[in-house]
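Here's run28.cif, which has mmCIF, C-alpha atoms:
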data_start
#
loop_
_atom_site.label_atom_id
_atom_site.label_comp_id
_atom_site.auth_asym_id
_atom_site.auth_seq_id
_atom_site.Cartn_x
_atom_site.Cartn_y
_atom_site.Cartn_z
CA MET D 220 174.96 -137.79 166.68
CA MET D 221 172.29 -140.44 166.41
CA SER D 222 170.56 -141.50 169.61
CA PRO D 223 169.32 -145.08 170.08
CA PRO D 224 166.33 -145.71 167.83
CA SER D 225 162.99 -144.93 169.40
CA SER D 226 160.07 -147.31 169.44
CA LYS D 227 157.93 -144.56 167.95
CA LYS D 228 157.12 -145.01 164.27
CA SER D 229 157.04 -142.09 161.85
CA ASN D 230 154.16 -141.75 159.39
CA GLY D 231 153.30 -145.42 159.61
CA SER D 232 156.86 -146.47 158.77
CA GLN D 233 157.88 -150.02 159.78
CA SER D 234 161.28 -148.87 161.05
CA PRO D 235 161.96 -146.81 164.21
CA PHE D 236 162.46 -143.08 163.71
CA PRO D 237 166.19 -142.18 163.88
CA TYR D 238 166.13 -139.45 166.52
CA GLU D 239 169.12 -137.13 166.85
CA PHE D 240 170.30 -134.78 169.61
CA GLY D 241 169.00 -137.06 172.36
CA GLY D 242 165.50 -137.37 170.92
CA PRO D 243 162.50 -135.51 172.40
CA VAL D 244 164.11 -135.25 175.84
CA GLY D 245 167.28 -133.75 174.36
CA ALA D 246 165.23 -131.37 172.22
CA VAL D 247 163.27 -130.06 175.21
CA GLY D 248 166.39 -129.80 177.35
CA THR D 249 168.32 -127.92 174.66
CA THR D 250 165.40 -125.57 173.98
CA LEU D 251 165.32 -124.61 177.66
CA ALA D 252 169.08 -124.54 178.23
CA LEU D 253 170.28 -122.46 175.27
CA PRO D 254 168.62 -119.17 176.29
CA ILE D 255 170.05 -119.51 179.81
CA LEU D 256 173.50 -120.22 178.37
CA VAL D 257 173.38 -117.14 176.15
CA LEU D 258 172.48 -114.86 179.06
CA TRP D 259 175.14 -116.50 181.25
CA LEU D 260 177.80 -115.85 178.61
CA LEU D 261 176.79 -112.22 178.23
CA GLN D 262 176.95 -111.62 181.97
CA MET D 263 180.25 -113.45 182.39
CA SER D 264 181.85 -111.50 179.55
CA ARG D 265 180.74 -108.21 181.12
CA VAL D 266 181.32 -108.54 184.87
CA GLY D 267 182.79 -112.01 185.39
CA TYR D 268 179.81 -113.38 187.29
CA VAL D 269 176.12 -114.02 186.79
CA ASN D 270 173.88 -111.16 187.84
CA PHE D 271 170.35 -110.81 186.56
CA GLU D 272 169.43 -107.82 188.73
CA PHE D 273 169.06 -105.75 185.56
CA VAL D 274 165.90 -107.71 184.72
CA LYS D 275 164.13 -106.35 187.81
CA GLU D 276 165.04 -102.80 186.88
CA LEU D 277 163.65 -102.93 183.37
CA GLU D 278 160.38 -101.16 182.75
CA CYS D 279 157.71 -102.20 180.30
CA ARG D 280 158.78 -99.33 178.05
CA ALA D 281 162.35 -100.71 177.83
CA TRP D 282 161.09 -104.17 176.88
CA MET D 283 158.86 -102.63 174.23
CA GLN D 284 161.70 -100.53 172.80
CA CYS D 285 164.00 -103.54 172.52
CA THR D 286 161.29 -105.66 170.92
CA LEU D 287 160.35 -102.97 168.42
CA GLY D 288 164.01 -102.40 167.63
CA LEU D 289 164.58 -106.07 166.85
CA VAL D 290 161.41 -106.34 164.74
CA GLY D 291 162.38 -103.14 162.93
CA TRP D 292 165.86 -104.51 162.21
CA PHE D 293 164.41 -107.73 160.81
CA LEU D 294 161.92 -105.85 158.63
CA PHE D 295 164.68 -103.52 157.42
CA LYS D 296 166.69 -106.49 156.19
CA VAL D 297 163.55 -107.93 154.56
CA LEU D 298 162.98 -104.58 152.82
CA LEU D 299 166.54 -104.59 151.46
CA TRP D 300 166.04 -108.17 150.22
CA TYR D 301 162.86 -107.07 148.46
CA ILE D 302 163.95 -103.78 146.84
CA LEU D 303 167.61 -104.41 146.00
CA PRO D 304 168.44 -106.14 142.71
CA GLY D 305 169.93 -109.60 142.63
CA PRO D 306 169.95 -112.73 140.49
CA VAL D 307 167.47 -115.52 141.16
CA VAL D 308 169.32 -118.85 141.17
CA GLN D 309 168.10 -122.40 141.59
CA GLY D 310 169.12 -124.29 144.70
CA ALA D 311 170.00 -127.95 145.05
CA PRO D 312 167.23 -130.49 144.37
CA ILE D 313 165.05 -130.91 147.47
CA ALA D 314 162.47 -133.41 146.22
CA GLN D 315 161.62 -135.48 143.21
CA THR D 316 158.26 -135.66 141.46
CA GLY D 317 158.21 -138.49 138.94
CA GLU D 318 161.18 -137.98 136.64
CA LYS D 319 161.65 -134.32 137.56
CA LYS D 320 163.75 -133.06 140.45
CA GLN D 321 162.21 -130.10 142.26
CA THR D 322 164.31 -127.03 143.02
CA LEU D 323 163.55 -123.64 144.54
CA GLY D 324 164.63 -120.23 143.32
CA TYR D 325 166.50 -117.85 145.64
CA LYS D 326 167.04 -114.12 145.18
CA LEU D 327 170.65 -113.44 146.09
CA ASN D 328 171.48 -109.88 147.03
CA GLY D 329 173.01 -110.41 150.47
CA HIS D 330 176.31 -108.83 149.46
CA LEU D 331 174.67 -105.64 148.25
CA SER D 332 172.41 -105.58 151.31
CA PHE D 333 175.51 -105.88 153.51
CA TRP D 334 177.18 -102.82 152.00
CA VAL D 335 174.00 -100.75 152.08
CA THR D 336 173.71 -101.53 155.80
CA VAL D 337 177.36 -100.65 156.44
CA GLY D 338 176.98 -97.42 154.44
CA ILE D 339 173.97 -96.35 156.49
CA VAL D 340 175.61 -97.14 159.85
CA PHE D 341 178.83 -95.28 159.11
CA GLY D 342 177.29 -92.62 156.91
CA LEU D 343 174.88 -91.56 159.65
CA ARG D 344 177.51 -92.14 162.37
CA ILE D 345 175.03 -94.08 164.45
CA PRO D 346 176.21 -94.45 168.08
CA LEU D 347 175.57 -98.19 168.25
CA ASN D 348 176.96 -98.45 171.77
CA GLU D 349 174.10 -96.30 173.07
CA TYR D 350 171.49 -98.49 171.40
CA LEU D 351 173.08 -101.94 171.43
CA TYR D 352 175.78 -102.19 174.09
CA GLN D 353 173.76 -100.43 176.77
CA ASN D 354 170.87 -102.83 176.14
CA TYR D 355 172.83 -106.01 175.39
CA GLU D 356 171.12 -108.42 177.79
CA SER D 357 167.68 -106.84 177.32
CA LEU D 358 167.95 -107.23 173.56
CA ALA D 359 169.02 -110.85 174.01
CA ILE D 360 165.99 -111.67 176.19
CA CYS D 361 163.57 -110.03 173.74
CA ASP D 362 165.27 -111.79 170.85
CA ILE D 363 164.87 -115.16 172.59
CA CYS D 364 161.15 -114.51 172.97
CA LEU D 365 160.78 -113.47 169.33
CA CYS D 366 162.66 -116.56 168.13
CA THR D 367 160.35 -118.76 170.17
CA LEU D 368 157.29 -117.11 168.62
CA LEU D 369 158.78 -117.48 165.12
CA SER D 370 159.49 -121.17 165.78
CA LEU D 371 155.90 -121.74 166.94
CA TYR D 372 154.64 -120.07 163.77
CA LEU D 373 156.92 -122.22 161.60
CA TYR D 374 155.77 -125.40 163.31
CA ALA D 375 152.09 -124.47 162.86
CA LYS D 376 152.71 -123.44 159.25
CA SER D 377 154.15 -126.86 158.44
CA PHE D 378 150.61 -128.27 158.78
CA SER D 379 149.01 -125.61 156.57
CA SER D 380 149.20 -127.49 153.28
CA PRO D 381 149.63 -131.12 152.24
CA THR D 382 152.04 -129.94 149.54
CA ASN D 383 154.57 -128.60 152.06
CA ILE D 384 157.88 -130.43 151.72
CA LEU D 385 158.82 -131.81 155.11
CA ALA D 386 162.32 -132.47 156.40
CA LYS D 387 162.92 -136.20 156.85
CA GLY D 388 164.63 -135.57 160.18
CA GLY D 389 161.88 -133.30 161.51
CA ASP D 390 158.77 -135.34 160.79
CA SER D 391 158.87 -137.77 163.71
CA GLY D 392 155.33 -137.15 164.91
CA ASN D 393 156.61 -135.96 168.32
CA PRO D 394 155.64 -132.27 168.59
CA PHE D 395 158.47 -131.32 170.95
CA TYR D 396 161.13 -132.89 168.77
CA ASP D 397 159.68 -131.61 165.48
CA PHE D 398 159.32 -128.09 166.91
CA TYR D 399 163.01 -128.12 167.78
CA ILE D 400 164.41 -129.74 164.63
CA GLY D 401 162.02 -128.09 162.19
CA ARG D 402 159.21 -129.94 160.46
CA GLU D 403 159.05 -128.06 157.14
CA LEU D 404 162.18 -128.12 155.01
CA ASN D 405 161.89 -124.73 153.30
CA PRO D 406 159.03 -122.64 154.74
CA ARG D 407 158.15 -119.71 152.49
CA LEU D 408 155.88 -116.71 152.12
CA GLY D 409 155.63 -116.38 148.37
CA ASN D 410 159.24 -116.19 147.16
CA PHE D 411 160.53 -115.23 150.61
CA ASP D 412 162.45 -118.19 152.04
CA TRP D 413 162.55 -117.96 155.83
CA LYS D 414 165.48 -120.29 156.30
CA VAL D 415 167.96 -118.93 153.75
CA PHE D 416 167.12 -115.35 154.74
CA CYS D 417 167.67 -115.97 158.45
CA GLU D 418 170.87 -117.93 157.83
CA LEU D 419 172.76 -114.90 156.49
CA ARG D 420 170.93 -111.62 157.06
CA PRO D 421 169.61 -110.34 160.43
CA GLY D 422 171.69 -112.38 162.88
CA LEU D 423 174.98 -112.52 161.03
CA VAL D 424 175.09 -108.81 160.20
CA GLY D 425 173.68 -108.03 163.65
CA TRP D 426 176.70 -109.81 165.15
CA MET D 427 179.00 -107.41 163.32
CA LEU D 428 177.00 -104.40 164.54
CA LEU D 429 177.24 -105.63 168.15
CA ASN D 430 181.02 -105.83 167.74
CA ILE D 431 181.12 -102.27 166.46
CA ALA D 432 179.01 -101.20 169.43
CA CYS D 433 181.59 -102.78 171.75
CA ALA D 434 184.43 -100.93 170.01
CA GLN D 435 182.55 -97.65 170.36
CA GLU D 436 181.94 -98.37 174.04
CA GLN D 437 185.62 -99.10 174.62
CA GLN D 438 186.50 -95.83 172.90
CA ALA D 439 183.99 -93.95 175.07
CA ARG D 440 185.21 -95.52 178.32
CA HIS D 441 188.96 -95.65 177.80
CA GLY D 442 189.64 -93.04 175.13
CA SER D 443 190.97 -95.48 172.51
CA ILE D 444 190.32 -98.77 170.73
CA SER D 445 192.87 -101.46 171.56
CA GLY D 446 194.72 -103.64 169.09
CA SER D 447 192.77 -106.70 170.25
CA MET D 448 189.45 -104.93 169.73
CA TRP D 449 190.49 -103.81 166.26
CA LEU D 450 191.50 -107.35 165.32
CA VAL D 451 188.37 -109.08 166.60
CA ASN D 452 186.22 -106.53 164.76
CA ILE D 453 188.20 -106.90 161.53
CA PHE D 454 188.42 -110.71 161.70
CA GLN D 455 184.73 -111.17 162.34
CA ALA D 456 183.63 -108.45 159.90
CA ILE D 457 185.58 -110.26 157.16
CA TYR D 458 183.88 -113.51 158.19
CA VAL D 459 180.44 -111.89 157.91
CA TRP D 460 181.31 -110.18 154.61
CA ASP D 461 182.67 -113.44 153.19
CA ALA D 462 179.40 -115.22 153.98
CA GLN D 463 177.45 -112.51 152.15
CA TYR D 464 179.83 -112.49 149.18
CA GLN D 465 179.69 -116.28 148.91
CA GLU D 466 175.92 -116.35 149.49
CA ARG D 467 175.29 -118.84 146.71
CA ALA D 468 177.43 -121.47 148.43
CA ILE D 469 174.95 -121.78 151.30
CA LEU D 470 172.37 -123.33 148.97
CA THR D 471 174.24 -126.65 148.97
CA THR D 472 174.86 -126.84 152.73
CA MET D 473 173.23 -129.36 155.06
CA ASP D 474 171.28 -126.59 156.78
CA VAL D 475 169.47 -125.74 153.55
CA THR D 476 169.21 -129.10 151.78
CA THR D 477 168.54 -131.42 154.74
CA ASP D 478 167.56 -129.79 158.02
CA GLY D 479 164.10 -128.40 158.65
CA PHE D 480 163.65 -124.82 159.82
CA GLY D 481 162.55 -124.91 163.44
CA TYR D 482 163.76 -123.68 166.80
CA MET D 483 167.24 -125.17 166.35
CA LEU D 484 168.12 -123.09 163.30
CA ALA D 485 165.91 -120.07 164.06
CA PHE D 486 167.45 -119.62 167.52
CA GLY D 487 170.90 -120.40 166.16
CA ASP D 488 170.67 -117.87 163.34
CA LEU D 489 168.93 -115.02 165.14
CA THR D 490 170.03 -115.29 168.79
CA TRP D 491 172.96 -117.65 169.25
CA VAL D 492 175.12 -116.21 166.47
CA PRO D 493 174.87 -112.49 167.26
CA PHE D 494 174.86 -112.72 171.05
CA SER D 495 177.25 -115.61 171.74
CA TYR D 496 179.67 -114.97 168.87
CA SER D 497 180.20 -111.37 170.01
CA ILE D 498 181.37 -112.24 173.54
CA GLN D 499 185.03 -111.63 172.66
CA ALA D 500 184.33 -108.00 171.74
CA LYS D 501 182.08 -107.61 174.79
CA TYR D 502 184.78 -109.08 177.03
CA LEU D 503 187.42 -106.71 175.65
CA VAL D 504 185.45 -103.60 176.64
CA ASN D 505 186.34 -104.12 180.31
CA HIS D 506 189.03 -106.82 180.27
CA ASP D 507 191.43 -105.98 177.47
CA PRO D 508 194.78 -107.81 177.90
CA HIS D 509 196.76 -105.13 175.99
CA LEU D 510 198.73 -107.70 174.01
CA PRO D 511 202.09 -106.60 172.60
CA LEU D 512 202.48 -106.03 168.86
CA PRO D 513 204.44 -109.30 168.18
CA SER D 514 201.63 -111.33 169.76
CA LEU D 515 199.00 -109.54 167.69
CA ALA D 516 201.09 -110.07 164.54
CA ALA D 517 201.37 -113.82 165.24
CA ILE D 518 197.59 -114.03 165.68
CA VAL D 519 197.09 -112.26 162.35
CA VAL D 520 199.35 -114.78 160.59
CA LEU D 521 197.43 -117.69 162.15
CA HIS D 522 194.12 -116.13 161.14
CA ILE D 523 195.24 -115.68 157.54
CA ALA D 524 196.29 -119.33 157.41
CA GLY D 525 192.88 -120.41 158.68
CA TYR D 526 191.07 -118.18 156.20
CA LEU D 527 193.10 -119.48 153.25
CA ILE D 528 192.28 -123.08 154.20
CA PHE D 529 188.60 -122.30 154.79
CA ARG D 530 188.02 -120.21 151.70
CA GLY D 531 190.29 -122.26 149.44
CA ALA D 532 188.52 -125.52 150.31
CA ASN D 533 184.98 -124.16 150.13
CA GLY D 534 185.67 -122.26 146.93
CA GLN D 535 187.17 -125.30 145.28
CA LYS D 536 184.22 -127.52 146.21
CA ASP D 537 181.62 -124.96 145.12
CA LYS D 538 183.36 -124.37 141.79
CA PHE D 539 183.62 -128.11 141.11
CA ARG D 540 179.94 -128.65 141.93
CA ARG D 541 178.86 -125.93 139.52
CA ASP D 542 181.20 -126.84 136.66
CA PRO D 543 183.64 -129.78 136.91
CA ASN D 544 185.16 -128.67 133.58
CA ASP D 545 186.19 -125.27 134.91
CA PRO D 546 189.95 -124.89 134.18
CA GLN D 547 190.64 -124.17 137.85
CA VAL D 548 189.25 -127.54 139.00
CA SER D 549 189.21 -129.76 135.89
CA HIS D 550 192.61 -131.27 136.82
CA LEU D 551 191.31 -132.61 140.15
CA SER D 552 190.79 -136.34 140.59
CA TYR D 553 187.50 -137.65 141.88
CA LEU D 554 185.55 -140.77 142.71
CA GLN D 555 182.60 -141.38 140.39
CA THR D 556 179.74 -142.76 142.50
CA LYS D 557 176.93 -145.05 141.43
CA ARG D 558 174.51 -142.17 142.14
CA GLY D 559 176.18 -140.18 139.37
CA THR D 560 177.83 -137.61 141.64
CA LYS D 561 181.57 -137.00 141.97
CA LEU D 562 183.54 -136.92 145.22
CA LEU D 563 186.81 -134.98 145.11
CA THR D 564 189.88 -136.99 146.08
CA SER D 565 192.62 -134.44 145.40
CA GLY D 566 193.31 -130.77 146.00
CA TRP D 567 192.09 -129.50 149.37
CA TRP D 568 189.60 -132.37 149.61
CA GLY D 569 192.28 -134.98 149.04
CA MET D 570 194.00 -133.82 152.25
CA ALA D 571 191.03 -134.35 154.58
CA ARG D 572 187.29 -134.90 154.21
CA LYS D 573 186.48 -131.85 156.37
CA ILE D 574 189.49 -129.67 155.75
CA ASN D 575 187.19 -126.62 155.54
CA TYR D 576 186.12 -127.23 159.16
CA THR D 577 189.76 -127.11 160.21
CA GLY D 578 190.26 -123.69 158.63
CA ASP D 579 187.01 -122.44 160.12
CA TRP D 580 188.06 -123.54 163.61
CA ILE D 581 191.50 -121.94 163.31
CA MET D 582 189.87 -118.62 162.48
CA GLY D 583 187.59 -118.97 165.49
CA LEU D 584 190.54 -119.73 167.74
CA THR D 585 192.22 -116.46 166.74
CA TRP D 586 189.12 -114.54 167.84
CA CYS D 587 189.66 -116.00 171.30
CA LEU D 588 193.44 -115.55 171.38
CA VAL D 589 193.17 -111.75 171.09
CA CYS D 590 191.54 -111.80 174.55
CA GLY D 591 194.65 -113.20 176.25
CA PHE D 592 194.56 -115.94 178.87
CA ASP D 593 193.09 -114.31 181.98
CA SER D 594 189.70 -115.96 181.53
CA ILE D 595 188.23 -119.00 179.83
CA VAL D 596 185.02 -117.13 178.96
CA PRO D 597 186.25 -115.78 175.58
CA TYR D 598 187.38 -119.32 174.69
CA PHE D 599 183.85 -120.66 174.93
CA TYR D 600 183.50 -120.21 171.17
CA ALA D 601 186.56 -122.34 170.32
CA ILE D 602 185.41 -125.11 172.69
CA TYR D 603 181.80 -125.04 171.53
CA PHE D 604 182.73 -124.80 167.85
CA ALA D 605 185.07 -127.80 168.06
CA ILE D 606 182.23 -129.88 169.54
CA LEU D 607 179.80 -128.58 166.90
CA LEU D 608 182.11 -129.37 163.98
CA ILE D 609 182.92 -132.86 165.27
CA HIS D 610 179.22 -133.59 165.74
CA ARG D 611 178.34 -132.19 162.33
CA SER D 612 181.07 -134.26 160.67
CA ILE D 613 179.67 -137.41 162.32
CA ARG D 614 176.15 -136.55 161.10
CA ASP D 615 177.46 -135.94 157.61
CA ASP D 616 179.42 -139.20 157.64
CA GLU D 617 176.31 -141.16 158.64
CA MET D 618 174.19 -139.52 155.95
CA CYS D 619 176.82 -140.04 153.26
CA ALA D 620 177.24 -143.70 154.25
CA HIS D 621 173.50 -144.15 153.76
CA LYS D 622 173.50 -142.09 150.56
CA TYR D 623 176.53 -143.56 148.79
CA GLY D 624 176.82 -147.06 150.30
CA ASP D 625 180.03 -148.86 149.30
CA ASP D 626 181.23 -145.80 147.37
CA TRP D 627 181.53 -143.93 150.66
CA LEU D 628 183.74 -146.66 152.11
CA GLU D 629 185.99 -146.40 149.05
CA TYR D 630 186.06 -142.62 149.35
CA LYS D 631 187.13 -142.87 153.00
CA ARG D 632 189.84 -145.33 151.97
CA GLN D 633 191.19 -142.80 149.44
CA VAL D 634 190.80 -139.84 151.82
CA PRO D 635 191.35 -141.40 155.27
CA TYR D 636 191.73 -138.24 157.35
CA ARG D 637 188.82 -136.16 158.58
CA PHE D 638 190.30 -132.85 159.78
CA ILE D 639 194.10 -132.74 159.73
CA PRO D 640 196.13 -134.55 157.04
CA GLY D 641 198.27 -137.32 158.51
CA ILE D 642 196.87 -136.91 162.02
CA ILE D 643 193.12 -137.20 162.35
#
Starting from the file, give its structure as structure tokens.
Amino acid sequence: MMSPPSSKKSNGSQSPFPYEFGGPVGAVGTTLALPILVLWLLQMSRVGYVNFEFVKELECRAWMQCTLGLVGWFLFKVLLWYILPGPVVQGAPIAQTGEKKQTLGYKLNGHLSFWVTVGIVFGLRIPLNEYLYQNYESLAICDICLCTLLSLYLYAKSFSSPTNILAKGGDSGNPFYDFYIGRELNPRLGNFDWKVFCELRPGLVGWMLLNIACAQEQQARHGSISGSMWLVNIFQAIYVWDAQYQERAILTTMDVTTDGFGYMLAFGDLTWVPFSYSIQAKYLVNHDPHLPLPSLAAIVVLHIAGYLIFRGANGQKDKFRRDPNDPQVSHLSYLQTKRGTKLLTSGWWGMARKINYTGDWIMGLTWCLVCGFDSIVPYFYAIYFAILLIHRSIRDDEMCAHKYGDDWLEYKRQVPYRFIPGII
């Protein structure tokens, strides 16, 4: 959501810089608050109250082991990216030089990397609960520190060459704000793209491994894995697998094409996703509601509905972007814009402009529902995600209004609903 324009000018521009997220003050506040929120969630999901006594008991050796483990995990995923085969595809245009639009190539082997990781974990029967669950909060603290160091490196790297492509929203000239938003659009080491790699690999797959660790811990403590624990592991594992399988689709998202890679995305990808998205599984270890089979079955039905909306909408859009003449999407109506692009006005995207967000949120709600109603803690995700999706839809609407002008007004007239057809 745009904050009031600042008086600060960007790069000599005559117009005020359009700060987002509350400007520099909001950026600093969020940078400080998010790590505390993650640790609060982890403690609340374990014991129901905040207790940081474990920090005092940790020895230097434990901190070092957690840090080395996280670095090793990251490097392992980098190694798989490097050695496993995969096609190199061109992303969306990110800049224009003269008459030529500039694109970057991306090696896509996330799906294969996912299955190699799963094969190793189950093939070696690794007791993840002993390594991950028993060190949950310690790993989170070390991960926060590593993300901060990575973000500092990325900010410094953005000044390393005048040819670096900077994100329009992250080049305000205010170091605190630019550090948070991300100054460089696509920071790279050779062909290694930091942003796209971090979006899908270490944090997302790490989230799934933390869930498995929680299931193993429940088995060790109570002698069995509950229906709720099975469902949250299956639901979220499918979500992670789907992201890897549809890896190419991420190349056209706002995160990749528009936002810089700074603390906001680095922390989100590597700390927020694995440690806050796994709180349902962590909660279930000690607070399982033992839901009856009919309740679990109803949650499964709701989850399938959400997945069909989410995947159907995203798949349709991605297929139309790649080839509008594909038989599966060629019948769809669209609005031809003055920029030359086409905006879908039928199919999933004729129902609502962000119908995919609706499906995504429904899936997230089912992750919370398996935890019952004894505590609001597991429902943090559904609350947070609703706020995130609403905010992101507002950002997207503002950018599209600027990008398409009057065509966007016409598109909104033809597709008047944002999330739910006929309602909102």
D:Glu239, D:Thr585, D:Tyr355, D:Glu403: which is nearest D:Ala517, counting only C-alpha atoms?
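When distances to D:Ala517 are compared using only C-alpha atoms, the smallest one comes from D:Thr585.
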Using all atoms listed in the file, give me every residue within 10 Å of (176.7, -115.9, 168.9) in file coordinates, as a PyMOL selection string.
chain D and resi 257+260+422-423+425-426+487-498+600
Using the selection just defined, write its residues with C-alpha atoms as a compact mmCIF listing (two decimals), in the coordinates of the input.
# COMPACT_ATOMS: atom_id res chain seq x y z
CA VAL D 257 173.38 -117.14 176.15
CA LEU D 260 177.80 -115.85 178.61
CA GLY D 422 171.69 -112.38 162.88
CA LEU D 423 174.98 -112.52 161.03
CA GLY D 425 173.68 -108.03 163.65
CA TRP D 426 176.70 -109.81 165.15
CA GLY D 487 170.90 -120.40 166.16
CA ASP D 488 170.67 -117.87 163.34
CA LEU D 489 168.93 -115.02 165.14
CA THR D 490 170.03 -115.29 168.79
CA TRP D 491 172.96 -117.65 169.25
CA VAL D 492 175.12 -116.21 166.47
CA PRO D 493 174.87 -112.49 167.26
CA PHE D 494 174.86 -112.72 171.05
CA SER D 495 177.25 -115.61 171.74
CA TYR D 496 179.67 -114.97 168.87
CA SER D 497 180.20 -111.37 170.01
CA ILE D 498 181.37 -112.24 173.54
CA TYR D 600 183.50 -120.21 171.17
The PyMOL selection byres ((chain D and resi 634) around 9) applied to the shown file, residues as a list in words:
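That expression, the PyMOL selection byres ((chain D and resi 634) around 9), corresponds here to Thr564, Ser565, Trp568, Gly569, Met570, Ala571, Arg572, Glu629, Tyr630, Lys631, Arg632, Gln633, Pro635, Tyr636 and Arg637 of chain D.
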Next, dump the selected residues to file, keeping only C-alpha atoms, as a JSON list (two decimals), in the coordinates of the input.
[["chain", "number", "residue", "atom", "x", "y", "z"],
["D", 564, "THR", "CA", 189.88, -136.99, 146.08],
["D", 565, "SER", "CA", 192.62, -134.44, 145.40],
["D", 568, "TRP", "CA", 189.60, -132.37, 149.61],
["D", 569, "GLY", "CA", 192.28, -134.98, 149.04],
["D", 570, "MET", "CA", 194.00, -133.82, 152.25],
["D", 571, "ALA", "CA", 191.03, -134.35, 154.58],
["D", 572, "ARG", "CA", 187.29, -134.90, 154.21],
["D", 629, "GLU", "CA", 185.99, -146.40, 149.05],
["D", 630, "TYR", "CA", 186.06, -142.62, 149.35],
["D", 631, "LYS", "CA", 187.13, -142.87, 153.00],
["D", 632, "ARG", "CA", 189.84, -145.33, 151.97],
["D", 633, "GLN", "CA", 191.19, -142.80, 149.44],
["D", 635, "PRO", "CA", 191.35, -141.40, 155.27],
["D", 636, "TYR", "CA", 191.73, -138.24, 157.35],
["D", 637, "ARG", "CA", 188.82, -136.16, 158.58]]
Rounded to one decimal in Å, what is the spacing between atom CA of D:Asn393 and atom CA of D:Asp474?
20.9 Å
How close does stretch 397-471 of chain D get to stretch 367-389 of chain D? List, as CSV, each residue of stretch 397-471 of chain D within 12 Å, its nearest atom pair and the distance in Å to one decimal, counting all atoms listed in the file.
residue,atom,partner,partner_atom,distance
D:Asp397,CA,D:Gly389,CA,4.8
D:Phe398,CA,D:Tyr374,CA,5.7
D:Tyr399,CA,D:Ser370,CA,8.0
D:Ile400,CA,D:Gly389,CA,5.4
D:Gly401,CA,D:Gly389,CA,5.3
D:Arg402,CA,D:Gly389,CA,4.4
D:Glu403,CA,D:Leu385,CA,4.3
D:Leu404,CA,D:Ala386,CA,4.6
D:Asn405,CA,D:Ile384,CA,7.1
D:Pro406,CA,D:Leu373,CA,7.2
D:Arg407,CA,D:Lys376,CA,9.4
D:Leu408,CA,D:Lys376,CA,10.3
D:Asp412,CA,D:Leu373,CA,11.8
D:Trp413,CA,D:Leu373,CA,9.1
D:Lys414,CA,D:Leu373,CA,10.3
D:Cys417,CA,D:Leu369,CA,11.2
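The interatomic distance for the pair atom CA of D:Lys538 and atom CA of D:Gln309 works out to 15.4 Å.
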Where does the PyMOL selection byres ((chain D and resi 333-346) around 8) land in this file, that is, which residues does it pick, as a VMD selection string?
chain D and resid 329 to 332 347 to 350 424 432 435 460 463
Grab the atom CA of D:Ile360 to atom CA of D:His506 distance for me, in Å with one decimal place.
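Calculated distance between atom CA of D:Ile360 and atom CA of D:His506 is 23.9 Å.
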I need the residue nearest D:Gly479 from this list: D:Val596, D:Val415, D:Ala311, D:Met263. Use all atoms listed in the file for the distance.
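Residue with the minimum atom-to-atom distance to D:Gly479: D:Val415.
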Written as a PDB file with C-alpha atoms, in the frame of the given file, what is the full residue list that the PyMOL selection byres ((chain D and resi 521) around 12) yields on the file shown?
ATOM      1  CA  PHE D 454     188.420-110.710 161.700  1.00  0.00           C
ATOM      2  CA  SER D 514     201.630-111.330 169.760  1.00  0.00           C
ATOM      3  CA  LEU D 515     199.000-109.540 167.690  1.00  0.00           C
ATOM      4  CA  ALA D 516     201.090-110.070 164.540  1.00  0.00           C
ATOM      5  CA  ALA D 517     201.370-113.820 165.240  1.00  0.00           C
ATOM      6  CA  ILE D 518     197.590-114.030 165.680  1.00  0.00           C
ATOM      7  CA  VAL D 519     197.090-112.260 162.350  1.00  0.00           C
ATOM      8  CA  VAL D 520     199.350-114.780 160.590  1.00  0.00           C
ATOM      9  CA  HIS D 522     194.120-116.130 161.140  1.00  0.00           C
ATOM     10  CA  ILE D 523     195.240-115.680 157.540  1.00  0.00           C
ATOM     11  CA  ALA D 524     196.290-119.330 157.410  1.00  0.00           C
ATOM     12  CA  GLY D 525     192.880-120.410 158.680  1.00  0.00           C
ATOM     13  CA  TYR D 526     191.070-118.180 156.200  1.00  0.00           C
ATOM     14  CA  LEU D 527     193.100-119.480 153.250  1.00  0.00           C
ATOM     15  CA  ILE D 528     192.280-123.080 154.200  1.00  0.00           C
ATOM     16  CA  GLY D 578     190.260-123.690 158.630  1.00  0.00           C
ATOM     17  CA  ASP D 579     187.010-122.440 160.120  1.00  0.00           C
ATOM     18  CA  TRP D 580     188.060-123.540 163.610  1.00  0.00           C
ATOM     19  CA  ILE D 581     191.500-121.940 163.310  1.00  0.00           C
ATOM     20  CA  MET D 582     189.870-118.620 162.480  1.00  0.00           C
ATOM     21  CA  GLY D 583     187.590-118.970 165.490  1.00  0.00           C
ATOM     22  CA  LEU D 584     190.540-119.730 167.740  1.00  0.00           C
ATOM     23  CA  THR D 585     192.220-116.460 166.740  1.00  0.00           C
ATOM     24  CA  TRP D 586     189.120-114.540 167.840  1.00  0.00           C
ATOM     25  CA  LEU D 588     193.440-115.550 171.380  1.00  0.00           C
ATOM     26  CA  VAL D 589     193.170-111.750 171.090  1.00  0.00           C
TER      27      VAL D 589
END
Restricting to all atoms listed in the file, whichever of D:Met473, D:Leu287, D:Ala246, D:Ala532 is closest to D:Cys619 is D:Met473
What box, with edges along x, y and z, holds each listed atom of stretch 234-248 of chain D when 3 Å is added on every side, and can you state its centre and edge lengths in Å to one decimal, as JSON?
{"center_x": 165.8, "center_y": -139.3, "center_z": 169.2, "size_x": 15.0, "size_y": 25.1, "size_z": 22.3}
Let me make sure I understand: among D:Val475, D:Ile453, D:Ile431, D:Cys285, which one has the smallest atom-to-atom distance to D:Ile313 if we use only C-alpha atoms?
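Nearest to D:Ile313: D:Val475.
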